[in-house]
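Some notes on the structure that comes next.
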Amino acid sequence: MTKTIVVKIGTSSLTQPETGQLALSTIATLTETLCYLRSEGHRVILVSSGAVGVGCARLGLTERPKAIALKQAVAAVGQGRLMRVYDDLFSILQQPIAQVLLTRADLVQRSRYLNAYNTFQELLGLGVIPVVNENDTVAVEELKFGDNDTLSALVASLVEADWLFLLTDVDRLYSADPRSVPDARPIALVSSMKELAELQIQTGGQGSGWGTGGMVTKISAARIAIAAGVRTVITQGRFPRNIQKIIQGEPIGTHFEPQPEPTSARKRWIAYGLVPAGKLYLDEGALNAILQAGKSLLAAGIQTVEGEFDTQAAVQLCDRTGSEIARGLVNYSSEELQKIRGCHSRDISTILGYAGAETVVHRDNLVLT
Ligand SMILES: Nc1ncnc2c1ncn2[C@@H]1O[C@H](COP(=O)(O)OP(=O)(O)O)[C@@H](O)[C@H]1O
Ligand SMILES: N[C@@H](CCC(=O)OP(=O)(O)O)C(=O)O
């Protein structure tokens, strides 16, 4: 049966750690593997990092630049070279590819989100393998994916993929970073995010020399993907052929089971496509109403309003400590909410001087995270 498969490969797998030069054999085997999957009738998307790493190697820079403008310039050098290599290799195997560069802003605006969806559908329908990366050269700090793990999960969610493979330089997820904790326990299966919380994984720092996110971003990517019903696997990039074996059922890497009832596409866009503009701190009653009873959020349950936002903005709904439990679209601006927080809904029109919505976040616009 045709499956939609998203494969993300990180800089640490695409480049040689000592020199920063391209790891040609890995890229060639990855190309062969993805072409094999296409020949089996699957729809394939590659999310490839490496623009900054390849740009650095081309320019003789020995470490990842920190200054934003330099990083953006280096990415512009590297992205072209990376695509050239992919196009040469895929062309040898008669496989057309396409470059898709996205910024966070492309997924925030609903019309652009839908446009991206349509473009992916057309490309996949044409039998093309889209090669996706963040548009590093123009991305601005506030509207950035920041790491390709998150980007790949959002793409997998957008196209409602069956599989997301996060290829990296470790063979799977461990209870702690195996580089610094040699006896860390390997984890084969995560059946739910609740189970993941119970495992209390330690993720250490920011990842290997050239990578950006480390394991933290892979775990949050898995969370986004499984909510969309996408089975997610963390496995080693050096052995791309393992992707075929995993699809055939071999227990390689760490598997995250997809949520049995995926969150709807619109709610996923609210939860992960939009960038939250503020935070609402809720009391116990409101937390229970949202978590246990699936109710809407009323003004009475809001203790504190943080940030400045307009009506219809996305906000984080948090407990007293500031931990996020849900996201939603607000029916009031932050200015209005400062006046009506803690108040009964029937008093809102008197306080504001006009009638507003009964709920602050209606349950149709509210997603548990
Ligand atoms: N709990 C953990 N299990 C496995 N690896 C971990 C863990 N915590 C941190 N890491 C580190 O994450 C690194 C992979 O992340 P990163 O360097 O960002 O790779 P990539 O370039 O593939 O995105 C590994 O090399 C490993 O040292
Ligand atoms: N967009 C950046 C990659 C960012 C990123 O997530 O890198 P990595 O941790 O290696 O997957 C680039 O192409 O260099």
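Each chain of the structure tokens is named A, B, ... in the order shown, its residues numbered from 1; ligands are numbered from 1 in display order.
Where the distance criterion is 6 Å and the atoms used are only C-alpha atoms and all ligand atoms, the residues close to ligand 2 are Gly10, Thr11, Ser12, Ser49, Gly50, Ala51, Val52, Gly53, Asn133, Glu134, Asp136, Asp147, Asn148, Asp149, Gly211, Thr212 and Gly213 of chain A.
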Any idea what's packed within 9 Å of Val190 (chain A), counting only C-alpha atoms, ignoring anything in its chain fewer than 5 positions away? Could you give it as a PyMOL selection string?
-> chain A and resi 195-196+254-257
Any idea what's packed within 9 Å of Gln95 (chain A), counting only C-alpha atoms, ignoring anything in its chain fewer than 3 positions away? Could you give it as number ranges by chain?
-> A: 35, 38, 87, 89-92, 127-129
Export, as a CSV table (one decimal), in the first residue's frame, the selected residues with all heavy atoms.
chain,number,residue,atom,x,y,z
A,35,CYS,N,15.0,6.4,-3.6
A,35,CYS,CA,14.5,6.0,-5.0
A,35,CYS,C,13.9,4.6,-4.9
A,35,CYS,O,12.9,4.3,-5.6
A,35,CYS,CB,15.7,5.9,-5.9
A,35,CYS,SG,16.2,7.6,-6.4
A,38,ARG,N,10.4,5.0,-3.7
A,38,ARG,CA,9.6,5.6,-4.8
A,38,ARG,C,9.2,4.4,-5.7
A,38,ARG,O,8.1,4.3,-6.1
A,38,ARG,CB,10.4,6.6,-5.6
A,38,ARG,CG,10.4,8.0,-5.0
A,38,ARG,CD,9.1,8.8,-5.1
A,38,ARG,NE,8.6,8.7,-6.5
A,38,ARG,CZ,7.4,8.2,-6.8
A,38,ARG,NH1,6.5,7.8,-5.9
A,38,ARG,NH2,7.0,8.1,-8.1
A,87,ASP,N,20.7,16.8,-6.7
A,87,ASP,CA,20.2,16.7,-8.1
A,87,ASP,C,21.0,15.8,-8.9
A,87,ASP,O,20.5,15.0,-9.7
A,87,ASP,CB,20.0,18.1,-8.7
A,87,ASP,CG,19.0,18.0,-9.8
A,87,ASP,OD1,17.9,17.3,-9.7
A,87,ASP,OD2,19.2,18.6,-10.9
A,89,LEU,N,22.9,13.2,-7.9
A,89,LEU,CA,22.7,11.8,-7.5
A,89,LEU,C,21.3,11.3,-7.9
A,89,LEU,O,21.2,10.2,-8.4
A,89,LEU,CB,22.9,11.7,-6.0
A,89,LEU,CG,24.4,11.9,-5.5
A,89,LEU,CD1,24.5,11.9,-4.0
A,89,LEU,CD2,25.3,10.8,-6.1
A,90,PHE,N,20.3,12.1,-7.6
A,90,PHE,CA,18.9,11.6,-7.9
A,90,PHE,C,18.7,11.5,-9.4
A,90,PHE,O,18.0,10.6,-9.9
A,90,PHE,CB,17.9,12.5,-7.3
A,90,PHE,CG,17.6,12.2,-5.9
A,90,PHE,CD1,18.0,13.1,-4.9
A,90,PHE,CD2,16.8,11.1,-5.5
A,90,PHE,CE1,17.7,12.8,-3.5
A,90,PHE,CE2,16.6,10.8,-4.1
A,90,PHE,CZ,17.0,11.7,-3.2
A,91,SER,N,19.4,12.4,-10.2
A,91,SER,CA,19.2,12.4,-11.7
A,91,SER,C,19.8,11.1,-12.2
A,91,SER,O,19.3,10.5,-13.2
A,91,SER,CB,19.9,13.6,-12.3
A,91,SER,OG,19.2,14.7,-11.9
A,92,ILE,N,20.9,10.6,-11.6
A,92,ILE,CA,21.6,9.4,-12.1
A,92,ILE,C,20.5,8.2,-12.0
A,92,ILE,O,20.5,7.4,-12.9
A,92,ILE,CB,22.8,9.0,-11.2
A,92,ILE,CG1,23.9,10.1,-11.4
A,92,ILE,CG2,23.3,7.6,-11.5
A,92,ILE,CD1,25.1,10.0,-10.5
A,127,GLY,N,5.2,12.5,-8.7
A,127,GLY,CA,6.3,11.5,-8.5
A,127,GLY,C,7.6,12.2,-8.1
A,127,GLY,O,8.7,11.5,-8.1
A,128,VAL,N,7.6,13.5,-7.7
A,128,VAL,CA,8.8,14.2,-7.4
A,128,VAL,C,9.1,14.0,-5.9
A,128,VAL,O,8.2,13.8,-5.1
A,128,VAL,CB,8.6,15.7,-7.7
A,128,VAL,CG1,9.7,16.6,-7.1
A,128,VAL,CG2,8.4,15.9,-9.2
A,129,ILE,N,10.4,14.0,-5.6
A,129,ILE,CA,10.8,14.0,-4.1
A,129,ILE,C,11.1,15.4,-3.8
A,129,ILE,O,12.1,16.0,-4.2
A,129,ILE,CB,12.0,13.1,-3.9
A,129,ILE,CG1,11.7,11.6,-4.2
A,129,ILE,CG2,12.5,13.3,-2.4
A,129,ILE,CD1,12.8,10.7,-3.9
Fewer than 6 positions away in the same chain doesn't count, so skip those; otherwise give me all residues within 10 Å of Val85 (chain A), counting only C-alpha atoms, as a ChimeraX atom specification.
-> /A:22,24,27-28,91
For the residues in the current selection, export C-alpha atoms as a compact mmCIF listing (two decimals), in the first residue's frame.
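To be explicit, this is the file written out as result_38.txt:
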# COMPACT_ATOMS: atom_id res chain seq x y z
CA LEU A 22 30.06 15.99 2.72
CA LEU A 24 29.28 11.20 0.16
CA ILE A 27 24.20 10.75 0.79
CA ALA A 28 24.52 8.25 -2.05
CA SER A 91 19.24 12.36 -11.66
What are the DSSP helix (DSSP H, G or I) residues of region 288-368 of chain A, as a PyMOL selection string?
-> chain A and resi 288-291+299-301+334-340+345-352+363-365
Write to file, as an mmCIF file, in the first residue's frame, the residues of the selection just made, with N, CA and C atoms.
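The new file again-v2.cif reads:
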data_model
loop_
_atom_site.group_PDB
_atom_site.id
_atom_site.type_symbol
_atom_site.label_atom_id
_atom_site.label_comp_id
_atom_site.auth_asym_id
_atom_site.auth_seq_id
_atom_site.Cartn_x
_atom_site.Cartn_y
_atom_site.Cartn_z
ATOM 1 N N ASN A 288 -9.112 22.040 35.249
ATOM 2 C CA ASN A 288 -9.927 20.815 35.260
ATOM 3 C C ASN A 288 -10.974 20.842 34.159
ATOM 4 N N ALA A 289 -11.621 21.997 33.986
ATOM 5 C CA ALA A 289 -12.682 22.109 32.975
ATOM 6 C C ALA A 289 -12.124 21.791 31.584
ATOM 7 N N ILE A 290 -10.897 22.284 31.330
ATOM 8 C CA ILE A 290 -10.296 22.071 30.005
ATOM 9 C C ILE A 290 -9.752 20.648 29.868
ATOM 10 N N LEU A 291 -9.017 20.216 30.893
ATOM 11 C CA LEU A 291 -8.346 18.911 30.792
ATOM 12 C C LEU A 291 -9.299 17.733 30.942
ATOM 13 N N ALA A 299 -13.602 33.601 31.242
ATOM 14 C CA ALA A 299 -12.768 34.653 31.865
ATOM 15 C C ALA A 299 -12.541 34.374 33.349
ATOM 16 N N ALA A 300 -13.528 33.779 34.008
ATOM 17 C CA ALA A 300 -13.452 33.553 35.458
ATOM 18 C C ALA A 300 -12.222 32.749 35.863
ATOM 19 N N GLY A 301 -11.752 31.848 34.982
ATOM 20 C CA GLY A 301 -10.644 30.960 35.350
ATOM 21 C C GLY A 301 -9.272 31.540 35.050
ATOM 22 N N SER A 334 -5.476 41.191 24.591
ATOM 23 C CA SER A 334 -4.847 41.176 25.918
ATOM 24 C C SER A 334 -5.360 42.348 26.763
ATOM 25 N N GLU A 335 -5.603 43.478 26.115
ATOM 26 C CA GLU A 335 -6.095 44.667 26.846
ATOM 27 C C GLU A 335 -7.458 44.370 27.468
ATOM 28 N N GLU A 336 -8.326 43.744 26.700
ATOM 29 C CA GLU A 336 -9.662 43.400 27.221
ATOM 30 C C GLU A 336 -9.551 42.354 28.330
ATOM 31 N N LEU A 337 -8.642 41.373 28.102
ATOM 32 C CA LEU A 337 -8.527 40.300 29.096
ATOM 33 C C LEU A 337 -7.996 40.803 30.441
ATOM 34 N N GLN A 338 -7.148 41.833 30.393
ATOM 35 C CA GLN A 338 -6.651 42.399 31.666
ATOM 36 C C GLN A 338 -7.828 42.918 32.487
ATOM 37 N N LYS A 339 -8.880 43.404 31.797
ATOM 38 C CA LYS A 339 -10.038 43.973 32.518
ATOM 39 C C LYS A 339 -11.006 42.885 32.984
ATOM 40 N N ILE A 340 -11.134 41.815 32.234
ATOM 41 C CA ILE A 340 -12.196 40.848 32.558
ATOM 42 C C ILE A 340 -11.682 39.558 33.206
ATOM 43 N N SER A 345 -18.798 35.600 33.295
ATOM 44 C CA SER A 345 -19.129 35.967 31.903
ATOM 45 C C SER A 345 -20.268 36.983 31.826
ATOM 46 N N ARG A 346 -21.245 36.876 32.775
ATOM 47 C CA ARG A 346 -22.402 37.791 32.680
ATOM 48 C C ARG A 346 -21.985 39.240 32.968
ATOM 49 N N ASP A 347 -20.818 39.454 33.596
ATOM 50 C CA ASP A 347 -20.389 40.820 33.919
ATOM 51 C C ASP A 347 -19.551 41.469 32.813
ATOM 52 N N ILE A 348 -19.178 40.670 31.796
ATOM 53 C CA ILE A 348 -18.246 41.188 30.781
ATOM 54 C C ILE A 348 -18.779 42.433 30.077
ATOM 55 N N SER A 349 -20.053 42.397 29.683
ATOM 56 C CA SER A 349 -20.572 43.545 28.920
ATOM 57 C C SER A 349 -20.576 44.811 29.774
ATOM 58 N N THR A 350 -20.820 44.692 31.074
ATOM 59 C CA THR A 350 -20.813 45.874 31.948
ATOM 60 C C THR A 350 -19.384 46.409 32.072
ATOM 61 N N ILE A 351 -18.433 45.504 32.244
ATOM 62 C CA ILE A 351 -17.041 45.946 32.435
ATOM 63 C C ILE A 351 -16.487 46.596 31.163
ATOM 64 N N LEU A 352 -16.739 45.951 30.021
ATOM 65 C CA LEU A 352 -16.165 46.470 28.770
ATOM 66 C C LEU A 352 -17.027 47.560 28.132
ATOM 67 N N ARG A 363 -14.006 25.878 22.895
ATOM 68 C CA ARG A 363 -13.367 24.557 22.825
ATOM 69 C C ARG A 363 -13.039 24.112 21.397
ATOM 70 N N ASP A 364 -13.775 24.642 20.391
ATOM 71 C CA ASP A 364 -13.447 24.292 19.001
ATOM 72 C C ASP A 364 -12.101 24.879 18.572
ATOM 73 N N ASN A 365 -11.661 25.910 19.308
ATOM 74 C CA ASN A 365 -10.393 26.569 18.974
ATOM 75 C C ASN A 365 -9.324 26.283 20.020
#
Would you kindly return, as a VMD selection string, each protein, DNA or RNA residue with an atom no farther than 9 Å from any atom of Ala313 (chain A), considering only C-alpha atoms and excluding same-chain residues fewer than 2 positions away?
-> chain A and resid 274 to 278 309 to 311 315 328 to 333
Residue among A:Ile234, A:Ala197, A:Leu30, A:Ala265 lying closest to ligand 1, counting only C-alpha atoms and all ligand atoms |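 With only C-alpha atoms and all ligand atoms as the atom set, the closest residue is A:Ile234.
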Counting only C-alpha atoms, figure out which residue out of A:Val100, A:Ser111, A:Gly342, A:Val54 gets nearest to Gln79 (chain A).
->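 That would be A:Val54, the residue with the smallest distance to Gln79 (chain A).
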Just give me the gap between CA of Gly307 (chain A) and CA of Gly285 (chain A) in Å, one decimal is fine.
->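 Distance between the two atoms: 22.7 Å.
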